[in-house]
Each structure stands twice: as C-alpha cells, then as structure tokens.
Amino acid sequence: MDEPIKILCVDDEQNVLNALRRLFLDDNYEILTATSGADGLELQEREHAQIIISDYRMPAMTGVEFLGEVNRKWPDTVRIVLSGYADTAAIVSAINEGQIYKFIPKPWNDDEIRITVGHAIDRYFLSKKNRELSDELTRKNAELNHLLAERTNSLEQRGQMLRSFQNIIDAIPLGVLGLDSEGTLVQANEEWFRISGGDYSSLGQNVAGFMPHAAPVLERVRQEGRADGYLTVNGVPGRLIGSRLHSSQEQQEGIILVFIRRDEAP
C-alpha cells in the first residue's frame with residue numbers, strides 16, 4: 001500500500017486519545033486526534049483520514065452526529081464507534097446515521113481494537129479498488145458505446161454507398177457481373193438478370209457452373225488483367241469483357257465482367 005494510513009480519533013477525554021495513540025505507537029499509522037466533533041470535522045477537511053474512530057457520547061456534537069456528517073462528506077472512510085454505554089438503541093442509531101463499520105465497547109481490548117483497525121484498513125482499500133474497477137468499467141463501456149456508435153454509423157454509410165452503387169450499375173444498359181477471386185458471382189445488375197432470363201439463383205455460384213463458355217475469358221483476365229471474347233448467354237449473342245479488380249486497402253481481388261449484346265456492341 002503506497003497510500004499512507006491516517007487514523008482520526010475523536011473523544012472529549014484526552015486520556016482516551018492518549019491511550020489510542022499509545023496503542024498504535026508501533027504501527028506505521030499517522031494518528032490524528034480531536035477532542036470534539038467540530039474539531040474532528042475541521043481536521044478531516046485538511047487531512048482526509050481513511051479510518052475514523054469516535055466516542056459515542058460527546059458534548060455539543062454526539063458521535064452519531066459527527067459520524068453522520070463524516071459519512072455525508074467522506075463516504076469512503078471506515079467509521080468505528082467507541083462507547084461505554086450498553087445502549088442497544090444508541091448502537092442502532094449510530095449504525096443507521098453514520099454507516100458504522102464496528103461498534104467497540106469501553107473499556108476495549110487492545111488486541112480487538114488493533115484487529116478491528118487492521119480489518120477496517122483492508123476494507124477501505126478493497127472498497128477503493130472496487131470503486132476504481134467500477135470507474136474503469138464505466139469508462140470502458142463509454143468508449144465501447146462510442147466505438148459501436150461510430151461503427152454503426154460507418155456501416156450505415158457503407159450500406160448507403162452500396163445501395164447507391166447498386167442503383168448505378170442497375171441503370172447501366174449492359175450486363176454487369178462482379179466476381180470474387182475464385183470466380184463466384186457476388187453481385188450483378190438488373191440488365192444481366194434480364195439477359196440471363198431472370199435466374200437470380202446464380203448469385204453465390206461459380207461462373208463456371210452457369211456460364212462455362214466464359215472460362216477462357218476469365219483465365220486470360222487472371223493472367224493478363226483484361227480480356228474479352230464472344231459467347232451466347234440464354235440465346236443472346238454478345239461480347240464479354242473482363243477486367244481484374246484489386247483493393248489495396250482491404251487486400252481483396254475480384255473480377256468485373258461486362259456483357260454487351262451483339263446488337264449493342266460497337
């Protein structure tokens with residue numbers, strides 16, 4: 001633990017404060033003392049002790065009132081009450097008002113109070129660690145939500161671009177086919193489907209299966225980057241022009257084919 005441990009002891013009897021200071025003399029704690037609740041609050045404002053030990057019955061401001069104020073201003077502190085009165089109602093009040101960790105009767109057992117303080121310190125650092133993890137999780141969730149929003153926006157933009165691109169190629173009065181590097185049909189325009197007789201089942205199939213006569217053109221495209229040839233599709237004669245596509249950004253390759261009906265070919 002790199003954080004130095006500070007223990008604030010508040011009691012209107014100086015001999016009690018002296019006894020507590022002696023009790024922790026051999027421990028690596030900084031012991032702070034105050035003889036009233038008001039002085040304790042003022043000291044806590046400056047020192048920010050992690051552990052607060054307070055007497056229950058004090059003049060002007062009772063221990064319950066003092067610890068209640070500590071709980072409101074410094075909720076991360078671990079609060080312990082000392083009392084010479086076996087008053088059950090007082091114990092319940094103190095626990096409810098100040099969110100007390102432990103209620104120790106006077107006169108106390110030195111070993112008990114030392115063990116209690118040790119456990120209180122462990123509790124403080126465990127709560128601190130949990131709070132840090134919770135804050136980190138909240139931050140990570142915020143970053144993830146921001147990333148997801150950006151990704152969703154990017155996907156929506158890409159979807160709009162793809163729809164726009166599809167509308168463009170659908171408006172072209174030539175048959176257009178997009179193949180992946182293996183020769184599978186991944187995209188085509190409406191003119192191509194009209195030429196092929198409306199056979200949409202060819203999407204996702206290898207071109208060798210539904211247009212085997214295109215094989216020589218495809219082979220030359222793979223070797224030379226561009227090729228053309230004449231063939232007949234669904235009884236429609238025409239010219240097939242192919243070109244190899246490459247996206248350096250996404251490291252993807254493909255082939256674009258354009259089928260020009262003979263009556264439209266130059």
# chains A, B, ... in the order shown; residues from 1 in each chain; ligands from 1
call {"tool": "select_by_dssp", "arguments": {"residues": "stretch 61-189 of chain A", "states": "strand (DSSP E)", "output": "list in words"}}
result
Val78, Arg79, Ile80, Val81, Leu82, Ser83, Lys102, Phe103, Ile104, Pro105, Gly175, Val176, Leu177, Gly178, Leu179, Asp180, Leu185, Val186, Gln187 and Ala188 of chain A
call {"tool": "residues_around", "arguments": {"residues": "stretch 118-134 of chain A", "least_positions_apart": "5", "cutoff": "9 Å", "atoms": "only C-alpha atoms", "output": "NGL selection string"}}
result
:A and (1 or 5 or 50-51 or 76-80 or 101-102 or 113 or 139)
call {"tool": "residues_around", "arguments": {"residues": "stretch 206-212 of chain A", "least_positions_apart": "4", "cutoff": "7 Å", "atoms": "only C-alpha atoms", "output": "list in words"}}
result
Gly183, Thr184, Leu185 and Ser202 of chain A
call {"tool": "atom_distance", "arguments": {"atom1": "atom CA of A:Val64", "atom2": "atom CA of A:Asp27"}}
result
27.5 Å
call {"tool": "select_by_dssp", "arguments": {"residues": "stretch 4-143 of chain A", "states": "alpha helix (DSSP H)", "output": "PyMOL selection string"}}
result
chain A and resi 14-23+37-47+63-73+88-98+110-143
call {"tool": "residues_around", "arguments": {"residues": "A:Arg239", "least_positions_apart": "6", "cutoff": "12 Å", "atoms": "only C-alpha atoms", "output": "MDAnalysis selection string"}}
result
chainID A and resid 174:176 213:214 217 227:233 257:266
call {"tool": "write_last_selection", "arguments": {"atoms": "N, CA and C atoms", "output": "tab-separated table (two decimals), in the first residue's frame"}}
result
chain	number	residue	atom	x	y	z
A	174	LEU	N	-26.11	-2.43	-69.82
A	174	LEU	CA	-25.26	-3.55	-70.17
A	174	LEU	C	-25.27	-4.54	-69.01
A	175	GLY	N	-25.02	-5.80	-69.31
A	175	GLY	CA	-24.95	-6.78	-68.23
A	175	GLY	C	-23.65	-6.64	-67.45
A	176	VAL	N	-23.75	-6.44	-66.17
A	176	VAL	CA	-22.56	-6.25	-65.33
A	176	VAL	C	-22.55	-7.32	-64.24
A	213	HIS	N	-18.86	-21.17	-70.93
A	213	HIS	CA	-18.14	-20.66	-72.10
A	213	HIS	C	-17.33	-19.41	-71.77
A	214	ALA	N	-17.53	-18.85	-70.56
A	214	ALA	CA	-16.77	-17.67	-70.16
A	214	ALA	C	-15.40	-18.03	-69.61
A	217	VAL	N	-12.18	-16.47	-71.19
A	217	VAL	CA	-12.05	-15.03	-70.89
A	217	VAL	C	-11.54	-14.84	-69.46
A	227	ALA	N	-9.37	-8.98	-70.63
A	227	ALA	CA	-9.58	-9.86	-71.80
A	227	ALA	C	-11.01	-9.71	-72.27
A	228	ASP	N	-11.31	-10.21	-73.46
A	228	ASP	CA	-12.67	-10.19	-73.96
A	228	ASP	C	-12.86	-11.37	-74.91
A	229	GLY	N	-14.11	-11.67	-75.20
A	229	GLY	CA	-14.43	-12.76	-76.11
A	229	GLY	C	-15.90	-12.72	-76.44
A	230	TYR	N	-16.30	-13.55	-77.41
A	230	TYR	CA	-17.70	-13.59	-77.83
A	230	TYR	C	-18.32	-14.90	-77.39
A	231	LEU	N	-19.57	-14.81	-76.90
A	231	LEU	CA	-20.29	-16.01	-76.48
A	231	LEU	C	-21.78	-15.69	-76.46
A	232	THR	N	-22.56	-16.73	-76.25
A	232	THR	CA	-24.01	-16.60	-76.22
A	232	THR	C	-24.52	-16.94	-74.83
A	233	VAL	N	-25.37	-16.08	-74.28
A	233	VAL	CA	-25.95	-16.29	-72.95
A	233	VAL	C	-27.46	-16.35	-73.09
A	257	LEU	N	-17.09	-8.30	-65.00
A	257	LEU	CA	-17.44	-8.72	-66.36
A	257	LEU	C	-18.55	-7.83	-66.89
A	258	VAL	N	-18.43	-7.46	-68.12
A	258	VAL	CA	-19.48	-6.68	-68.78
A	258	VAL	C	-19.91	-7.45	-70.05
A	259	PHE	N	-21.21	-7.72	-70.13
A	259	PHE	CA	-21.73	-8.43	-71.31
A	259	PHE	C	-22.49	-7.43	-72.18
A	260	ILE	N	-22.03	-7.30	-73.43
A	260	ILE	CA	-22.64	-6.37	-74.37
A	260	ILE	C	-23.35	-7.19	-75.45
A	261	ARG	N	-24.64	-7.03	-75.55
A	261	ARG	CA	-25.40	-7.74	-76.58
A	261	ARG	C	-24.83	-7.39	-77.96
A	262	ARG	N	-24.88	-8.37	-78.89
A	262	ARG	CA	-24.29	-8.14	-80.21
A	262	ARG	C	-24.93	-6.95	-80.90
A	263	ASP	N	-26.22	-6.76	-80.71
A	263	ASP	CA	-26.87	-5.64	-81.39
A	263	ASP	C	-26.50	-4.30	-80.76
A	264	GLU	N	-25.81	-4.33	-79.56
A	264	GLU	CA	-25.39	-3.10	-78.94
A	264	GLU	C	-23.87	-2.92	-79.01
A	265	ALA	N	-23.17	-4.00	-79.42
A	265	ALA	CA	-21.72	-3.94	-79.44
A	265	ALA	C	-21.23	-3.03	-80.55
A	266	PRO	N	-20.14	-2.31	-80.33
A	266	PRO	CA	-19.60	-1.42	-81.36
A	266	PRO	C	-18.97	-2.23	-82.49
call {"tool": "closest_residue", "arguments": {"among": "A:Ala171, A:Leu23, A:Ile100, A:Leu82", "to": "A:Gly68", "atoms": "only C-alpha atoms"}}
result
A:Ile100
